[in-house]
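entry-v9.cif follows (mmCIF, C-alpha atoms):
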data_query
#
loop_
_atom_site.label_atom_id
_atom_site.label_comp_id
_atom_site.auth_asym_id
_atom_site.auth_seq_id
_atom_site.Cartn_x
_atom_site.Cartn_y
_atom_site.Cartn_z
CA MET A 1 -44.72 -14.00 -45.43
CA ILE A 2 -43.40 -10.59 -44.33
CA ASN A 3 -45.47 -10.81 -41.14
CA ARG A 4 -44.05 -14.25 -40.42
CA PHE A 5 -40.52 -12.95 -41.05
CA ASN A 6 -41.18 -9.99 -38.73
CA GLU A 7 -42.48 -12.33 -36.01
CA GLU A 8 -39.45 -14.61 -36.39
CA PHE A 9 -37.15 -11.61 -36.34
CA ILE A 10 -38.81 -10.23 -33.18
CA LYS A 11 -38.49 -13.64 -31.45
CA PHE A 12 -34.87 -13.93 -32.53
CA LYS A 13 -34.15 -10.38 -31.39
CA SER A 14 -35.77 -11.09 -28.01
CA ARG A 15 -33.68 -14.24 -27.55
CA VAL A 16 -30.51 -12.40 -28.55
CA MET A 17 -31.30 -9.54 -26.16
CA ALA A 18 -31.99 -12.01 -23.33
CA ASP A 19 -28.74 -13.85 -24.08
CA LEU A 20 -26.89 -10.54 -24.21
CA GLU A 21 -28.28 -9.55 -20.80
CA GLU A 22 -27.24 -12.93 -19.42
CA VAL A 23 -23.69 -12.45 -20.78
CA LYS A 24 -23.54 -8.93 -19.29
CA SER A 25 -24.69 -10.32 -15.94
CA GLN A 26 -22.03 -13.05 -16.04
CA GLN A 27 -19.43 -10.48 -17.04
CA ASP A 28 -20.34 -8.34 -14.01
CA ILE A 29 -20.11 -11.38 -11.73
CA LEU A 30 -16.71 -12.28 -13.19
CA ARG A 31 -15.50 -8.72 -12.77
CA ILE A 32 -16.56 -8.69 -9.10
CA SER A 33 -15.00 -12.11 -8.49
CA TYR A 34 -11.77 -10.99 -10.12
CA THR A 35 -11.63 -7.86 -7.98
CA ILE A 36 -12.21 -9.86 -4.80
CA ASN A 37 -9.64 -12.50 -5.76
CA GLU A 38 -7.12 -9.85 -6.71
CA LYS A 39 -7.53 -8.16 -3.33
CA GLN A 40 -7.19 -11.47 -1.49
CA LEU A 41 -4.09 -12.34 -3.49
CA LEU A 42 -2.49 -8.97 -2.73
CA GLU A 43 -3.24 -9.41 0.97
CA LYS A 44 -1.64 -12.87 0.95
CA ILE A 45 1.43 -11.50 -0.85
CA LYS A 46 1.72 -8.64 1.66
CA LYS A 47 1.46 -11.09 4.54
CA MET A 48 4.11 -13.37 3.02
CA ILE A 49 6.48 -10.43 2.51
CA TYR A 50 5.85 -9.19 6.06
CA ASP A 51 6.47 -12.68 7.47
CA ASP A 52 9.70 -13.03 5.47
CA ILE A 53 10.92 -9.64 6.69
CA GLN A 54 10.04 -10.56 10.28
CA LYS A 55 11.97 -13.85 9.99
CA SER A 56 14.99 -12.17 8.44
CA ILE A 57 15.28 -9.45 11.10
CA THR A 58 14.55 -11.62 14.12
CA GLY A 59 17.49 -11.29 16.47
CA LYS A 60 18.91 -8.36 14.53
CA GLU A 61 16.59 -5.65 15.82
CA HIS A 62 19.28 -3.81 17.77
CA GLU A 63 21.65 -3.89 14.81
CA ILE A 64 18.97 -2.51 12.50
CA LEU A 65 18.00 0.19 14.98
CA MET A 66 21.64 1.14 15.42
CA LYS A 67 22.11 1.44 11.64
CA THR A 68 18.96 3.55 11.41
CA TRP A 69 20.14 5.72 14.28
CA ILE A 70 23.53 6.20 12.64
CA GLU A 71 21.86 7.21 9.36
CA GLU A 72 19.67 9.70 11.22
CA LEU A 73 22.69 11.15 13.00
CA LYS A 74 24.53 11.46 9.66
CA LYS A 75 21.58 13.43 8.29
CA ILE A 76 21.59 15.66 11.35
CA VAL A 77 25.33 16.32 11.10
CA ASN A 78 25.09 17.00 7.36
CA ASN A 79 22.23 19.43 7.90
CA PHE A 80 23.73 21.11 10.95
CA ASP A 81 25.20 24.00 8.93
CA GLU A 82 21.73 24.68 7.58
CA LEU A 83 20.33 24.50 11.10
CA LYS A 84 22.78 27.16 12.29
CA LYS A 85 21.36 29.57 9.71
CA LEU A 86 17.85 29.28 11.14
CA HIS A 87 16.13 31.77 13.39
CA PRO A 88 16.84 30.93 17.08
CA LYS A 89 13.28 29.72 17.76
CA GLU A 90 13.29 27.51 14.66
CA PHE A 91 16.73 26.23 15.63
CA SER A 92 15.46 25.39 19.10
CA ILE A 93 12.50 23.50 17.64
CA GLN A 94 14.79 21.51 15.33
CA ILE A 95 17.18 20.69 18.19
CA ASP A 96 14.23 19.52 20.33
CA GLU A 97 13.08 17.30 17.46
CA ILE A 98 16.56 15.84 17.08
CA SER A 99 16.76 15.28 20.83
CA THR A 100 13.39 13.53 20.81
CA THR A 101 14.51 11.28 17.95
CA ILE A 102 17.67 10.34 19.81
CA GLU A 103 15.67 9.58 22.96
CA ILE A 104 13.32 7.34 21.00
CA PHE A 105 16.26 5.40 19.57
CA LYS A 106 17.81 5.10 23.04
CA GLN A 107 14.56 3.67 24.41
CA LYS A 108 14.25 1.21 21.55
CA LEU A 109 17.86 0.09 21.95
CA SER A 110 17.43 -0.52 25.68
CA VAL A 111 14.39 -2.75 25.12
#
Write the structure described by the file as C-alpha coordinates, please.
Amino acid sequence: MINRFNEEFIKFKSRVMADLEEVKSQQDILRISYTINEKQLLEKIKKMIYDDIQKSITGKEHEILMKTWIEELKKIVNNFDELKKLHPKEFSIQIDEISTTIEIFKQKLSV
(Lines of atoms letter the chains of each structure in order from A and count residues from 1; the text may use other names and numbers.)
(Lines give C-alpha, C1' and ligand atoms only; values in the text may rest on other atoms or scores of the structure.)
Protein backbone atom coordinates (compact mmCIF):
# COMPACT_ATOMS: atom_id res chain seq x y z
CA MET A 1 0.00 0.00 0.00
CA ILE A 2 2.86 2.40 0.81
CA ASN A 3 4.56 1.49 -2.48
CA ARG A 4 1.34 2.18 -4.37
CA PHE A 5 0.96 5.51 -2.56
CA ASN A 6 4.58 6.40 -3.41
CA GLU A 7 4.01 5.51 -7.08
CA GLU A 8 0.82 7.60 -7.18
CA PHE A 9 2.60 10.45 -5.45
CA ILE A 10 5.51 10.30 -7.92
CA LYS A 11 3.09 10.31 -10.89
CA PHE A 12 1.15 13.20 -9.38
CA LYS A 13 4.35 15.10 -8.66
CA SER A 14 5.54 14.53 -12.24
CA ARG A 15 2.24 15.82 -13.65
CA VAL A 16 2.33 18.84 -11.36
CA MET A 17 5.93 19.60 -12.33
CA ALA A 18 5.07 19.28 -16.03
CA ASP A 19 2.05 21.55 -15.57
CA LEU A 20 4.19 24.02 -13.63
CA GLU A 21 6.76 24.09 -16.44
CA GLU A 22 3.97 24.66 -18.96
CA VAL A 23 2.63 27.57 -16.88
CA LYS A 24 6.14 29.06 -16.59
CA SER A 25 6.56 28.76 -20.36
CA GLN A 26 3.21 30.48 -20.98
CA GLN A 27 4.13 33.17 -18.46
CA ASP A 28 7.39 33.84 -20.33
CA ILE A 29 5.51 34.05 -23.63
CA LEU A 30 2.99 36.45 -22.11
CA ARG A 31 5.77 38.58 -20.67
CA ILE A 32 7.50 38.80 -24.06
CA SER A 33 4.21 39.58 -25.82
CA TYR A 34 3.43 42.28 -23.28
CA THR A 35 6.84 43.87 -23.74
CA ILE A 36 6.47 43.88 -27.52
CA ASN A 37 2.92 45.26 -27.37
CA GLU A 38 3.96 47.92 -24.88
CA LYS A 39 6.78 49.05 -27.16
CA GLN A 40 4.47 49.14 -30.18
CA LEU A 41 1.88 51.11 -28.22
CA LEU A 42 4.48 53.65 -27.08
CA GLU A 43 5.70 54.05 -30.66
CA LYS A 44 2.14 54.66 -31.88
CA ILE A 45 1.57 57.21 -29.11
CA LYS A 46 4.83 59.00 -29.98
CA LYS A 47 3.84 59.09 -33.64
CA MET A 48 0.39 60.46 -32.82
CA ILE A 49 1.88 63.18 -30.61
CA TYR A 50 4.45 64.07 -33.28
CA ASP A 51 1.73 64.22 -35.96
CA ASP A 52 -0.45 66.44 -33.74
CA ILE A 53 2.47 68.78 -33.07
CA GLN A 54 3.28 68.92 -36.79
CA LYS A 55 -0.35 69.78 -37.63
CA SER A 56 -0.55 72.45 -34.96
CA ILE A 57 2.65 74.25 -36.01
CA THR A 58 2.13 74.02 -39.77
CA GLY A 59 2.20 77.55 -41.11
CA LYS A 60 3.52 78.94 -37.84
CA GLU A 61 7.15 77.90 -38.20
CA HIS A 62 8.46 81.45 -38.58
CA GLU A 63 6.48 82.63 -35.58
CA ILE A 64 7.80 79.78 -33.45
CA LEU A 65 11.37 80.36 -34.61
CA MET A 66 11.03 84.06 -33.87
CA LYS A 67 9.77 83.34 -30.34
CA THR A 68 12.63 80.91 -29.80
CA TRP A 69 15.11 83.45 -31.12
CA ILE A 70 13.71 86.14 -28.83
CA GLU A 71 14.00 83.79 -25.83
CA GLU A 72 17.60 83.01 -26.76
CA LEU A 73 18.40 86.70 -27.10
CA LYS A 74 16.81 87.38 -23.69
CA LYS A 75 19.07 84.72 -22.18
CA ILE A 76 22.09 86.27 -23.87
CA VAL A 77 21.22 89.77 -22.64
CA ASN A 78 20.55 88.51 -19.11
CA ASN A 79 23.87 86.67 -19.04
CA PHE A 80 25.87 89.44 -20.68
CA ASP A 81 27.10 90.84 -17.35
CA GLU A 82 28.45 87.40 -16.52
CA LEU A 83 30.07 87.22 -19.95
CA LYS A 84 31.90 90.50 -19.34
CA LYS A 85 33.56 88.96 -16.29
CA LEU A 86 35.09 86.14 -18.33
CA HIS A 87 38.66 85.91 -19.52
CA PRO A 88 39.01 87.55 -22.99
CA LYS A 89 39.49 84.22 -24.80
CA GLU A 90 36.46 82.68 -23.07
CA PHE A 91 34.48 85.83 -23.83
CA SER A 92 35.46 85.58 -27.48
CA ILE A 93 34.37 81.94 -27.61
CA GLN A 94 31.00 82.79 -26.04
CA ILE A 95 30.47 85.70 -28.45
CA ASP A 96 31.29 83.42 -31.40
CA GLU A 97 28.76 80.88 -30.10
CA ILE A 98 26.11 83.59 -29.76
CA SER A 99 26.91 84.84 -33.25
CA THR A 100 26.60 81.32 -34.65
CA THR A 101 23.24 80.87 -32.94
CA ILE A 102 21.96 84.13 -34.38
CA GLU A 103 23.16 83.13 -37.85
CA ILE A 104 21.37 79.79 -37.58
CA PHE A 105 18.13 81.54 -36.64
CA LYS A 106 18.56 84.01 -39.50
CA GLN A 107 18.99 81.13 -41.96
CA LYS A 108 15.95 79.31 -40.61
CA LEU A 109 13.84 82.46 -40.78
CA SER A 110 14.80 83.13 -44.39
CA VAL A 111 13.78 79.63 -45.47
Enter the distance from atom CA of A:Asp52 to atom CA of A:Lys67, in Å, rounded to one decimal.
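A separation of 20.0 Å between them.
The space separating atom CA of A:Ile93 from atom CA of A:Lys108 comes to 22.7 Å.
Between atom CA of A:Glu63 and atom CA of A:Ser110 the separation is 12.1 Å.
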Kindly indicate which residue among A:Ser25, A:Ser33, A:Thr101, A:Asn6 lies nearest to A:Thr68, using all atoms listed in the file for the distances.
A:Thr101
Report as a short mmCIF file (atom, residue, chain, number, x, y, z; two decimals) with C-alpha atoms, keeping the file's coordinate frame all protein, DNA and RNA residues lying within 12 Å of A:Ile70, evaluated on only C-alpha atoms, omitting residues in the same chain fewer than 5 positions from it.
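Listed below is the output, out_34.cif:
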data_model
loop_
_atom_site.label_atom_id
_atom_site.label_comp_id
_atom_site.auth_asym_id
_atom_site.auth_seq_id
_atom_site.Cartn_x
_atom_site.Cartn_y
_atom_site.Cartn_z
CA GLU A 63 21.65 -3.89 14.81
CA ILE A 64 18.97 -2.51 12.50
CA LEU A 65 18.00 0.19 14.98
CA LYS A 75 21.58 13.43 8.29
CA ILE A 76 21.59 15.66 11.35
CA VAL A 77 25.33 16.32 11.10
CA THR A 101 14.51 11.28 17.95
CA ILE A 102 17.67 10.34 19.81
CA PHE A 105 16.26 5.40 19.57
CA LYS A 106 17.81 5.10 23.04
#
